[in-house]
$ cat my_file.cif   # mmCIF, C-alpha atoms
data_upload
loop_
_atom_site.label_atom_id
_atom_site.label_comp_id
_atom_site.auth_asym_id
_atom_site.auth_seq_id
_atom_site.Cartn_x
_atom_site.Cartn_y
_atom_site.Cartn_z
CA ASP A 1261 0.00 0.00 0.00
CA ALA A 1262 1.13 3.55 -0.75
CA LYS A 1263 2.49 5.53 2.17
CA THR A 1264 0.77 8.77 3.16
CA THR A 1265 2.18 11.96 4.69
CA GLN A 1266 0.04 14.34 6.72
CA PRO A 1267 0.93 17.42 8.80
CA PRO A 1268 0.98 16.53 12.51
CA SER A 1269 -1.46 19.28 13.51
CA MET A 1270 -3.63 22.10 12.20
CA ASP A 1271 -5.84 24.78 13.69
CA CYS A 1272 -9.10 26.07 12.23
CA ALA A 1273 -11.53 28.75 13.34
CA GLU A 1274 -15.06 27.63 14.07
CA GLY A 1275 -17.35 28.19 11.11
CA ARG A 1276 -14.53 28.31 8.61
CA ALA A 1277 -13.56 25.58 6.17
CA ALA A 1278 -10.95 23.11 7.38
CA ASN A 1279 -8.67 21.86 4.61
CA LEU A 1280 -6.62 18.81 5.57
CA PRO A 1281 -3.89 17.80 3.11
CA CYS A 1282 -2.49 14.35 2.44
CA ASN A 1283 0.43 13.40 0.22
CA HIS A 1284 0.48 9.95 -1.38
CA SER A 1285 3.03 10.31 -4.17
CA THR A 1286 3.50 6.55 -4.63
CA ILE A 1287 -0.20 5.76 -5.05
CA SER A 1288 -1.05 3.08 -7.60
CA GLY A 1289 -3.76 3.34 -10.21
CA ASN A 1290 -6.12 1.00 -8.38
CA GLU A 1291 -5.67 2.47 -4.91
CA TYR A 1292 -8.38 4.55 -3.29
CA VAL A 1293 -7.91 7.35 -0.77
CA TYR A 1294 -9.88 6.83 2.46
CA TRP A 1295 -10.37 9.30 5.29
CA TYR A 1296 -11.26 8.40 8.86
CA ARG A 1297 -11.32 10.54 11.97
CA GLN A 1298 -11.08 9.74 15.66
CA ILE A 1299 -12.61 12.06 18.20
CA HIS A 1300 -11.00 11.84 21.62
CA SER A 1301 -11.93 8.66 23.53
CA GLN A 1302 -14.05 7.33 20.67
CA GLY A 1303 -13.51 4.77 17.93
CA PRO A 1304 -12.47 5.91 14.44
CA GLN A 1305 -15.25 7.04 12.11
CA TYR A 1306 -15.27 6.56 8.34
CA ILE A 1307 -15.66 9.90 6.52
CA ILE A 1308 -15.26 9.50 2.77
CA HIS A 1309 -13.23 7.82 0.06
CA GLY A 1310 -12.43 8.36 -3.61
CA LEU A 1311 -10.39 7.12 -6.56
CA LYS A 1312 -9.78 10.08 -8.87
CA ASN A 1313 -12.93 12.16 -9.04
CA ASN A 1314 -13.85 14.63 -6.36
CA GLU A 1315 -16.35 13.24 -3.88
CA THR A 1316 -18.80 14.88 -1.51
CA ASN A 1317 -21.08 13.54 1.18
CA GLU A 1318 -22.92 14.98 4.15
CA MET A 1319 -19.76 15.13 6.22
CA ALA A 1320 -17.04 16.36 3.89
CA SER A 1321 -15.60 16.80 0.41
CA LEU A 1322 -12.57 15.03 -0.97
CA ILE A 1323 -10.47 16.72 -3.63
CA ILE A 1324 -7.89 14.53 -5.38
CA THR A 1325 -5.31 16.14 -7.66
CA GLU A 1326 -5.23 15.14 -11.29
CA ASP A 1327 -1.97 13.21 -10.86
CA ARG A 1328 -3.49 11.59 -7.73
CA LYS A 1329 -0.33 12.25 -5.72
CA SER A 1330 -2.14 14.31 -3.13
CA SER A 1331 -5.60 14.99 -1.79
CA THR A 1332 -7.43 17.38 0.50
CA LEU A 1333 -10.26 16.65 2.87
CA ILE A 1334 -12.53 19.66 3.28
CA LEU A 1335 -14.88 20.18 6.20
CA PRO A 1336 -16.90 23.13 4.85
CA HIS A 1337 -18.01 24.69 8.14
CA ALA A 1338 -15.92 23.32 10.97
CA THR A 1339 -17.46 23.10 14.43
CA LEU A 1340 -15.88 22.41 17.81
CA ARG A 1341 -17.15 18.82 17.49
CA ASP A 1342 -14.87 18.34 14.47
CA THR A 1343 -11.80 18.52 16.70
CA ALA A 1344 -10.23 15.09 16.14
CA VAL A 1345 -7.34 13.15 14.65
CA TYR A 1346 -7.87 12.76 10.90
CA TYR A 1347 -6.32 9.77 9.15
CA CYS A 1348 -5.65 9.53 5.42
CA ILE A 1349 -5.29 5.92 4.25
CA VAL A 1350 -4.53 4.61 0.78
CA ARG A 1351 -5.84 1.15 0.02
CA VAL A 1352 -6.84 -1.03 -2.87
CA ALA A 1353 -10.61 -1.40 -2.92
CA GLY A 1354 -11.83 -4.95 -2.71
CA TYR A 1355 -8.85 -5.99 -0.61
CA GLY A 1356 -10.12 -4.84 2.72
CA ASN A 1357 -9.19 -6.31 6.06
CA LYS A 1358 -6.12 -4.33 6.81
CA LEU A 1359 -6.53 -0.62 7.37
CA VAL A 1360 -3.08 0.75 8.19
CA PHE A 1361 -3.44 3.98 10.14
CA GLY A 1362 -0.59 6.50 10.02
CA ALA A 1363 0.01 9.19 12.61
CA GLY A 1364 -2.76 11.41 11.19
CA THR A 1365 -3.40 15.13 11.62
CA ILE A 1366 -4.71 16.56 14.87
CA LEU A 1367 -7.28 19.18 13.87
CA ARG A 1368 -8.14 21.69 16.56
CA VAL A 1369 -11.22 23.80 15.88
CA LYS A 1370 -11.18 26.94 17.98
CA SER A 1371 -13.96 29.38 18.82
CA ASP B 560 -29.13 -0.13 13.87
CA THR B 561 -25.78 1.22 12.66
CA GLU B 562 -23.88 0.77 15.87
CA VAL B 563 -21.06 -1.40 17.10
CA THR B 564 -21.25 -1.89 20.85
CA GLN B 565 -18.44 -2.97 23.14
CA THR B 566 -18.50 -4.09 26.74
CA PRO B 567 -17.14 -3.33 29.20
CA LYS B 568 -16.15 0.31 28.68
CA HIS B 569 -13.33 0.00 31.19
CA LEU B 570 -11.54 -3.05 32.59
CA VAL B 571 -8.82 -3.35 35.20
CA MET B 572 -7.22 -6.76 35.60
CA GLY B 573 -4.24 -8.36 37.23
CA MET B 574 -1.63 -10.32 35.33
CA THR B 575 -3.06 -13.64 36.51
CA ASN B 576 -6.69 -12.88 35.71
CA LYS B 577 -8.80 -14.17 32.85
CA LYS B 578 -11.25 -11.73 31.33
CA SER B 579 -13.14 -11.26 28.07
CA LEU B 580 -14.04 -8.29 25.91
CA LYS B 581 -17.28 -8.40 23.97
CA CYS B 582 -18.29 -6.75 20.70
CA GLU B 583 -21.69 -6.84 19.02
CA GLN B 584 -23.16 -5.51 15.78
CA HIS B 585 -26.59 -5.94 14.19
CA MET B 586 -25.88 -4.47 10.77
CA GLY B 587 -25.60 -7.86 9.08
CA HIS B 588 -21.88 -7.33 8.57
CA ARG B 589 -19.88 -10.49 7.89
CA ALA B 590 -16.40 -9.17 8.72
CA MET B 591 -15.32 -8.17 12.22
CA TYR B 592 -12.02 -6.84 13.50
CA TRP B 593 -10.05 -6.27 16.69
CA TYR B 594 -7.62 -3.35 16.89
CA LYS B 595 -5.30 -2.26 19.68
CA GLN B 596 -4.52 1.40 20.30
CA LYS B 597 -1.83 2.59 22.68
CA ALA B 598 -1.98 6.13 24.04
CA LYS B 599 -1.25 8.80 21.41
CA LYS B 600 -0.69 6.16 18.72
CA PRO B 601 -2.89 5.08 15.78
CA PRO B 602 -4.95 1.88 15.95
CA GLU B 603 -3.17 -1.33 14.96
CA LEU B 604 -4.97 -4.35 13.54
CA MET B 605 -4.89 -7.52 15.64
CA PHE B 606 -7.42 -9.96 14.12
CA VAL B 607 -9.90 -10.20 11.27
CA TYR B 608 -12.87 -12.56 11.14
CA SER B 609 -14.69 -13.19 7.91
CA TYR B 610 -17.92 -15.20 7.97
CA GLU B 611 -17.10 -16.30 11.53
CA LYS B 612 -13.72 -17.71 10.54
CA LEU B 613 -10.38 -16.21 11.53
CA SER B 614 -8.96 -14.60 8.42
CA ILE B 615 -5.98 -12.63 9.73
CA ASN B 616 -3.90 -12.86 12.89
CA GLU B 617 -1.29 -10.11 12.93
CA SER B 618 1.18 -12.23 14.94
CA VAL B 619 -0.65 -11.43 18.14
CA PRO B 620 0.63 -13.21 21.31
CA SER B 621 -1.41 -16.23 22.37
CA ARG B 622 -2.45 -14.53 25.61
CA PHE B 623 -5.03 -12.82 23.35
CA SER B 624 -7.58 -15.33 22.05
CA PRO B 625 -10.34 -14.18 19.71
CA GLU B 626 -13.65 -15.94 19.22
CA CYS B 627 -16.54 -15.33 16.86
CA PRO B 628 -19.50 -17.40 18.12
CA ASN B 629 -21.88 -16.04 15.49
CA SER B 630 -22.07 -13.36 12.83
CA SER B 631 -23.09 -10.65 15.31
CA LEU B 632 -20.68 -11.33 18.15
CA LEU B 633 -16.93 -11.07 18.57
CA ASN B 634 -15.08 -11.82 21.78
CA LEU B 635 -11.49 -11.29 22.84
CA HIS B 636 -10.40 -13.57 25.67
CA LEU B 637 -7.53 -12.28 27.79
CA HIS B 638 -5.23 -14.36 29.97
CA ALA B 639 -1.90 -13.71 31.67
CA LEU B 640 -1.59 -10.23 30.23
CA GLN B 641 1.33 -7.92 30.85
CA PRO B 642 1.19 -4.26 31.93
CA GLU B 643 2.34 -3.26 28.42
CA ASP B 644 -0.93 -4.72 27.09
CA SER B 645 -2.78 -1.81 28.66
CA ALA B 646 -4.48 -0.02 25.79
CA LEU B 647 -7.78 0.84 24.13
CA TYR B 648 -9.18 -2.23 22.36
CA LEU B 649 -11.38 -1.37 19.43
CA CYS B 650 -13.81 -3.59 17.59
CA ALA B 651 -14.97 -2.85 14.06
CA SER B 652 -17.17 -4.43 11.43
CA SER B 653 -17.67 -4.11 7.69
CA GLN B 654 -20.10 -5.50 5.16
CA ASP B 655 -17.55 -8.12 4.30
CA LYS B 656 -13.78 -8.25 4.27
CA SER B 657 -13.51 -6.66 0.84
CA TYR B 658 -14.97 -3.40 2.15
CA ASN B 659 -12.65 -0.76 3.59
CA GLU B 660 -15.54 1.18 5.14
CA GLN B 661 -15.37 -0.08 8.66
CA PHE B 662 -17.67 0.82 11.54
CA PHE B 663 -15.90 1.09 14.88
CA GLY B 664 -17.16 0.66 18.41
CA PRO B 665 -16.19 3.04 21.23
CA GLY B 666 -13.56 0.65 22.57
CA THR B 667 -12.71 -0.96 25.90
CA ARG B 668 -10.06 0.81 27.96
CA LEU B 669 -7.95 -1.99 29.48
CA THR B 670 -5.53 -1.52 32.36
CA VAL B 671 -3.30 -4.42 33.40
CA LEU B 672 -1.80 -4.10 36.87
#
$ encode --input "my_file.cif" --output "structure tokens"
Amino acid sequence: DAKTTQPPSMDCAEGRAANLPCNHSTISGNEYVYWYRQIHSQGPQYIIHGLKNNETNEMASLIITEDRKSSTLILPHATLRDTAVYYCIVRVAGYGNKLVFGAGTILRVKS
Amino acid sequence: DTEVTQTPKHLVMGMTNKKSLKCEQHMGHRAMYWYKQKAKKPPELMFVYSYEKLSINESVPSRFSPECPNSSLLNLHLHALQPEDSALYLCASSQDKSYNEQFFGPGTRLTVL
């Protein structure tokens, strides 16, 4: 699986968009980008995933660059409840089982 | 019901004790997972069950013994643990093992004295 690189921490003002970057320069053509988050003292929560097109759901948007070497998770209007560790994971779809979590990005949303 | 439940929430045990962690889901998922998470570290996969059969054991010591009695239940039996086994133990499930969208429970915080 491709390795991912994320900044260790980021701050965001409440109500503003939070843009979390992820580099995955060695991603293969059949690997998807998955995002999970873990709020303090809770289990991880699946957010979104994508292959090459931009994706949006009720929680977030995922923007993947044309060369697929990086992506950005966007929380459009961050709230204090979005403070969490955000994990970017690259994985081949259809070969589940083994999610390998990196260190992630600690997002702090501040009022 | 889109929830994975885990009991107990907290567990303190001695090194000679035997205890069990329980995980339950009623989403009809056929893959279930155990992860271990040390403080300030990401979760690490321990075991995967697919259709009630052990699919992956990530070289976990035998003092951890998983069991999947039916498609909704996953247990983790603990015996002769060490203090370094103190961690948050997370259970997850997915539709089947080919799906990377996993649903996690809140975890059991284990302390080994």
$ residues_around --input "my_file.cif" --residues "Leu604 in chain B" --least-positions-apart "3" --cutoff "7 Å" --atoms "all atoms listed in the file" --output "mmCIF file with C-alpha atoms, keeping the file's coordinate frame"
data_model
loop_
_atom_site.group_PDB
_atom_site.id
_atom_site.type_symbol
_atom_site.label_atom_id
_atom_site.label_comp_id
_atom_site.auth_asym_id
_atom_site.auth_seq_id
_atom_site.Cartn_x
_atom_site.Cartn_y
_atom_site.Cartn_z
ATOM 1 C CA LYS A 1358 -6.120 -4.330 6.810
ATOM 2 C CA TRP B 593 -10.050 -6.270 16.690
ATOM 3 C CA TYR B 594 -7.620 -3.350 16.890
ATOM 4 C CA LYS B 595 -5.300 -2.260 19.680
ATOM 5 C CA GLU B 617 -1.290 -10.110 12.930
#
$ resolve_selection --input "my_file.cif" --expression "the PyMOL selection byres ((chain B) within 12 of (chain A))" --output "number ranges by chain"
B: 562-565, 568-569, 589-609, 613-617, 646-668
$ atom_distance --input "my_file.cif" --atom1 "CA of Leu632 in chain B" --atom2 "CA of Met574 in chain B"
25.7 Å
$ atom_distance --input "my_file.cif" --atom1 "CA of Ser1371 in chain A" --atom2 "CA of Pro1267 in chain A"
21.6 Å
$ residues_around --input "my_file.cif" --residues "Lys1329 in chain A" --least-positions-apart "2" --cutoff "12 Å" --atoms "only C-alpha atoms" --output "PyMOL selection string"
chain A and resi 1262-1265+1281-1289+1291-1293+1311-1312+1323-1327+1331-1332+1350
$ write_last_selection --input "my_file.cif" --atoms "C-alpha atoms" --output "PDB file, keeping the file's coordinate frame"
ATOM      1  CA  ALA A1262       1.130   3.550  -0.750  1.00  0.00           C
ATOM      2  CA  LYS A1263       2.490   5.530   2.170  1.00  0.00           C
ATOM      3  CA  THR A1264       0.770   8.770   3.160  1.00  0.00           C
ATOM      4  CA  THR A1265       2.180  11.960   4.690  1.00  0.00           C
ATOM      5  CA  PRO A1281      -3.890  17.800   3.110  1.00  0.00           C
ATOM      6  CA  CYS A1282      -2.490  14.350   2.440  1.00  0.00           C
ATOM      7  CA  ASN A1283       0.430  13.400   0.220  1.00  0.00           C
ATOM      8  CA  HIS A1284       0.480   9.950  -1.380  1.00  0.00           C
ATOM      9  CA  SER A1285       3.030  10.310  -4.170  1.00  0.00           C
ATOM     10  CA  THR A1286       3.500   6.550  -4.630  1.00  0.00           C
ATOM     11  CA  ILE A1287      -0.200   5.760  -5.050  1.00  0.00           C
ATOM     12  CA  SER A1288      -1.050   3.080  -7.600  1.00  0.00           C
ATOM     13  CA  GLY A1289      -3.760   3.340 -10.210  1.00  0.00           C
ATOM     14  CA  GLU A1291      -5.670   2.470  -4.910  1.00  0.00           C
ATOM     15  CA  TYR A1292      -8.380   4.550  -3.290  1.00  0.00           C
ATOM     16  CA  VAL A1293      -7.910   7.350  -0.770  1.00  0.00           C
ATOM     17  CA  LEU A1311     -10.390   7.120  -6.560  1.00  0.00           C
ATOM     18  CA  LYS A1312      -9.780  10.080  -8.870  1.00  0.00           C
ATOM     19  CA  ILE A1323     -10.470  16.720  -3.630  1.00  0.00           C
ATOM     20  CA  ILE A1324      -7.890  14.530  -5.380  1.00  0.00           C
ATOM     21  CA  THR A1325      -5.310  16.140  -7.660  1.00  0.00           C
ATOM     22  CA  GLU A1326      -5.230  15.140 -11.290  1.00  0.00           C
ATOM     23  CA  ASP A1327      -1.970  13.210 -10.860  1.00  0.00           C
ATOM     24  CA  SER A1331      -5.600  14.990  -1.790  1.00  0.00           C
ATOM     25  CA  THR A1332      -7.430  17.380   0.500  1.00  0.00           C
ATOM     26  CA  VAL A1350      -4.530   4.610   0.780  1.00  0.00           C
TER      27      VAL A1350
END
$ closest_residue --input "my_file.cif" --among "B:Ala639, B:Asp644, B:Cys627, B:Ser618" --to "Gly573 in chain B" --atoms "only C-alpha atoms"
B:Ala639
$ build_atoms --input "my_file.cif" --residues "range 565-591 of chain B" --atoms "N, CA and C atoms" --output "PDB file, in the coordinates of the input"
ATOM      1  N   GLN B 565     -19.505  -2.237  22.476  1.00  0.00           N
ATOM      2  CA  GLN B 565     -18.440  -2.970  23.140  1.00  0.00           C
ATOM      3  C   GLN B 565     -18.652  -2.907  24.640  1.00  0.00           C
ATOM      4  N   THR B 566     -18.435  -4.040  25.293  1.00  0.00           N
ATOM      5  CA  THR B 566     -18.500  -4.090  26.740  1.00  0.00           C
ATOM      6  C   THR B 566     -17.310  -4.894  27.273  1.00  0.00           C
ATOM      7  N   PRO B 567     -16.788  -4.534  28.438  1.00  0.00           N
ATOM      8  CA  PRO B 567     -17.140  -3.330  29.200  1.00  0.00           C
ATOM      9  C   PRO B 567     -16.473  -2.093  28.618  1.00  0.00           C
ATOM     10  N   LYS B 568     -16.808  -0.926  29.116  1.00  0.00           N
ATOM     11  CA  LYS B 568     -16.150   0.310  28.680  1.00  0.00           C
ATOM     12  C   LYS B 568     -14.744   0.405  29.263  1.00  0.00           C
ATOM     13  N   HIS B 569     -14.618  -0.027  30.501  1.00  0.00           N
ATOM     14  CA  HIS B 569     -13.330   0.000  31.190  1.00  0.00           C
ATOM     15  C   HIS B 569     -13.120  -1.355  31.858  1.00  0.00           C
ATOM     16  N   LEU B 570     -11.865  -1.777  31.936  1.00  0.00           N
ATOM     17  CA  LEU B 570     -11.540  -3.050  32.590  1.00  0.00           C
ATOM     18  C   LEU B 570     -10.165  -2.926  33.211  1.00  0.00           C
ATOM     19  N   VAL B 571     -10.099  -3.288  34.500  1.00  0.00           N
ATOM     20  CA  VAL B 571      -8.820  -3.350  35.200  1.00  0.00           C
ATOM     21  C   VAL B 571      -8.611  -4.803  35.601  1.00  0.00           C
ATOM     22  N   MET B 572      -7.477  -5.354  35.268  1.00  0.00           N
ATOM     23  CA  MET B 572      -7.220  -6.760  35.600  1.00  0.00           C
ATOM     24  C   MET B 572      -5.775  -6.964  36.020  1.00  0.00           C
ATOM     25  N   GLY B 573      -5.583  -7.987  36.822  1.00  0.00           N
ATOM     26  CA  GLY B 573      -4.240  -8.360  37.230  1.00  0.00           C
ATOM     27  C   GLY B 573      -3.636  -9.300  36.198  1.00  0.00           C
ATOM     28  N   MET B 574      -2.343  -9.520  36.320  1.00  0.00           N
ATOM     29  CA  MET B 574      -1.630 -10.320  35.330  1.00  0.00           C
ATOM     30  C   MET B 574      -2.019 -11.793  35.361  1.00  0.00           C
ATOM     31  N   THR B 575      -2.663 -12.240  36.451  1.00  0.00           N
ATOM     32  CA  THR B 575      -3.060 -13.640  36.510  1.00  0.00           C
ATOM     33  C   THR B 575      -4.538 -13.852  36.201  1.00  0.00           C
ATOM     34  N   ASN B 576      -5.249 -12.780  35.955  1.00  0.00           N
ATOM     35  CA  ASN B 576      -6.690 -12.880  35.710  1.00  0.00           C
ATOM     36  C   ASN B 576      -6.990 -13.379  34.307  1.00  0.00           C
ATOM     37  N   LYS B 577      -8.227 -13.883  34.169  1.00  0.00           N
ATOM     38  CA  LYS B 577      -8.800 -14.170  32.850  1.00  0.00           C
ATOM     39  C   LYS B 577     -10.042 -13.313  32.688  1.00  0.00           C
ATOM     40  N   LYS B 578     -10.100 -12.588  31.605  1.00  0.00           N
ATOM     41  CA  LYS B 578     -11.250 -11.730  31.330  1.00  0.00           C
ATOM     42  C   LYS B 578     -11.578 -11.809  29.837  1.00  0.00           C
ATOM     43  N   SER B 579     -12.737 -11.278  29.486  1.00  0.00           N
ATOM     44  CA  SER B 579     -13.140 -11.260  28.070  1.00  0.00           C
ATOM     45  C   SER B 579     -13.723  -9.904  27.711  1.00  0.00           C
ATOM     46  N   LEU B 580     -13.421  -9.473  26.498  1.00  0.00           N
ATOM     47  CA  LEU B 580     -14.040  -8.290  25.910  1.00  0.00           C
ATOM     48  C   LEU B 580     -15.086  -8.771  24.907  1.00  0.00           C
ATOM     49  N   LYS B 581     -16.182  -8.002  24.847  1.00  0.00           N
ATOM     50  CA  LYS B 581     -17.280  -8.400  23.970  1.00  0.00           C
ATOM     51  C   LYS B 581     -17.599  -7.289  22.980  1.00  0.00           C
ATOM     52  N   CYS B 582     -17.930  -7.689  21.766  1.00  0.00           N
ATOM     53  CA  CYS B 582     -18.290  -6.750  20.700  1.00  0.00           C
ATOM     54  C   CYS B 582     -19.527  -7.293  19.994  1.00  0.00           C
ATOM     55  N   GLU B 583     -20.447  -6.409  19.656  1.00  0.00           N
ATOM     56  CA  GLU B 583     -21.690  -6.840  19.020  1.00  0.00           C
ATOM     57  C   GLU B 583     -22.107  -5.841  17.944  1.00  0.00           C
ATOM     58  N   GLN B 584     -22.597  -6.365  16.819  1.00  0.00           N
ATOM     59  CA  GLN B 584     -23.160  -5.510  15.780  1.00  0.00           C
ATOM     60  C   GLN B 584     -24.374  -6.218  15.175  1.00  0.00           C
ATOM     61  N   HIS B 585     -25.353  -5.411  14.782  1.00  0.00           N
ATOM     62  CA  HIS B 585     -26.590  -5.940  14.190  1.00  0.00           C
ATOM     63  C   HIS B 585     -26.842  -5.302  12.839  1.00  0.00           C
ATOM     64  N   MET B 586     -25.762  -5.069  12.101  1.00  0.00           N
ATOM     65  CA  MET B 586     -25.880  -4.470  10.770  1.00  0.00           C
ATOM     66  C   MET B 586     -25.817  -5.528   9.676  1.00  0.00           C
ATOM     67  N   GLY B 587     -25.715  -6.796  10.082  1.00  0.00           N
ATOM     68  CA  GLY B 587     -25.600  -7.860   9.080  1.00  0.00           C
ATOM     69  C   GLY B 587     -24.223  -7.950   8.460  1.00  0.00           C
ATOM     70  N   HIS B 588     -23.245  -7.294   9.092  1.00  0.00           N
ATOM     71  CA  HIS B 588     -21.880  -7.330   8.570  1.00  0.00           C
ATOM     72  C   HIS B 588     -21.274  -8.707   8.773  1.00  0.00           C
ATOM     73  N   ARG B 589     -20.452  -9.150   7.810  1.00  0.00           N
ATOM     74  CA  ARG B 589     -19.880 -10.490   7.890  1.00  0.00           C
ATOM     75  C   ARG B 589     -18.378 -10.466   8.154  1.00  0.00           C
ATOM     76  N   ALA B 590     -17.803  -9.284   8.338  1.00  0.00           N
ATOM     77  CA  ALA B 590     -16.400  -9.170   8.720  1.00  0.00           C
ATOM     78  C   ALA B 590     -16.322  -8.377  10.016  1.00  0.00           C
ATOM     79  N   MET B 591     -15.502  -8.861  10.948  1.00  0.00           N
ATOM     80  CA  MET B 591     -15.320  -8.170  12.220  1.00  0.00           C
ATOM     81  C   MET B 591     -13.836  -8.165  12.573  1.00  0.00           C
TER      82      MET B 591
END
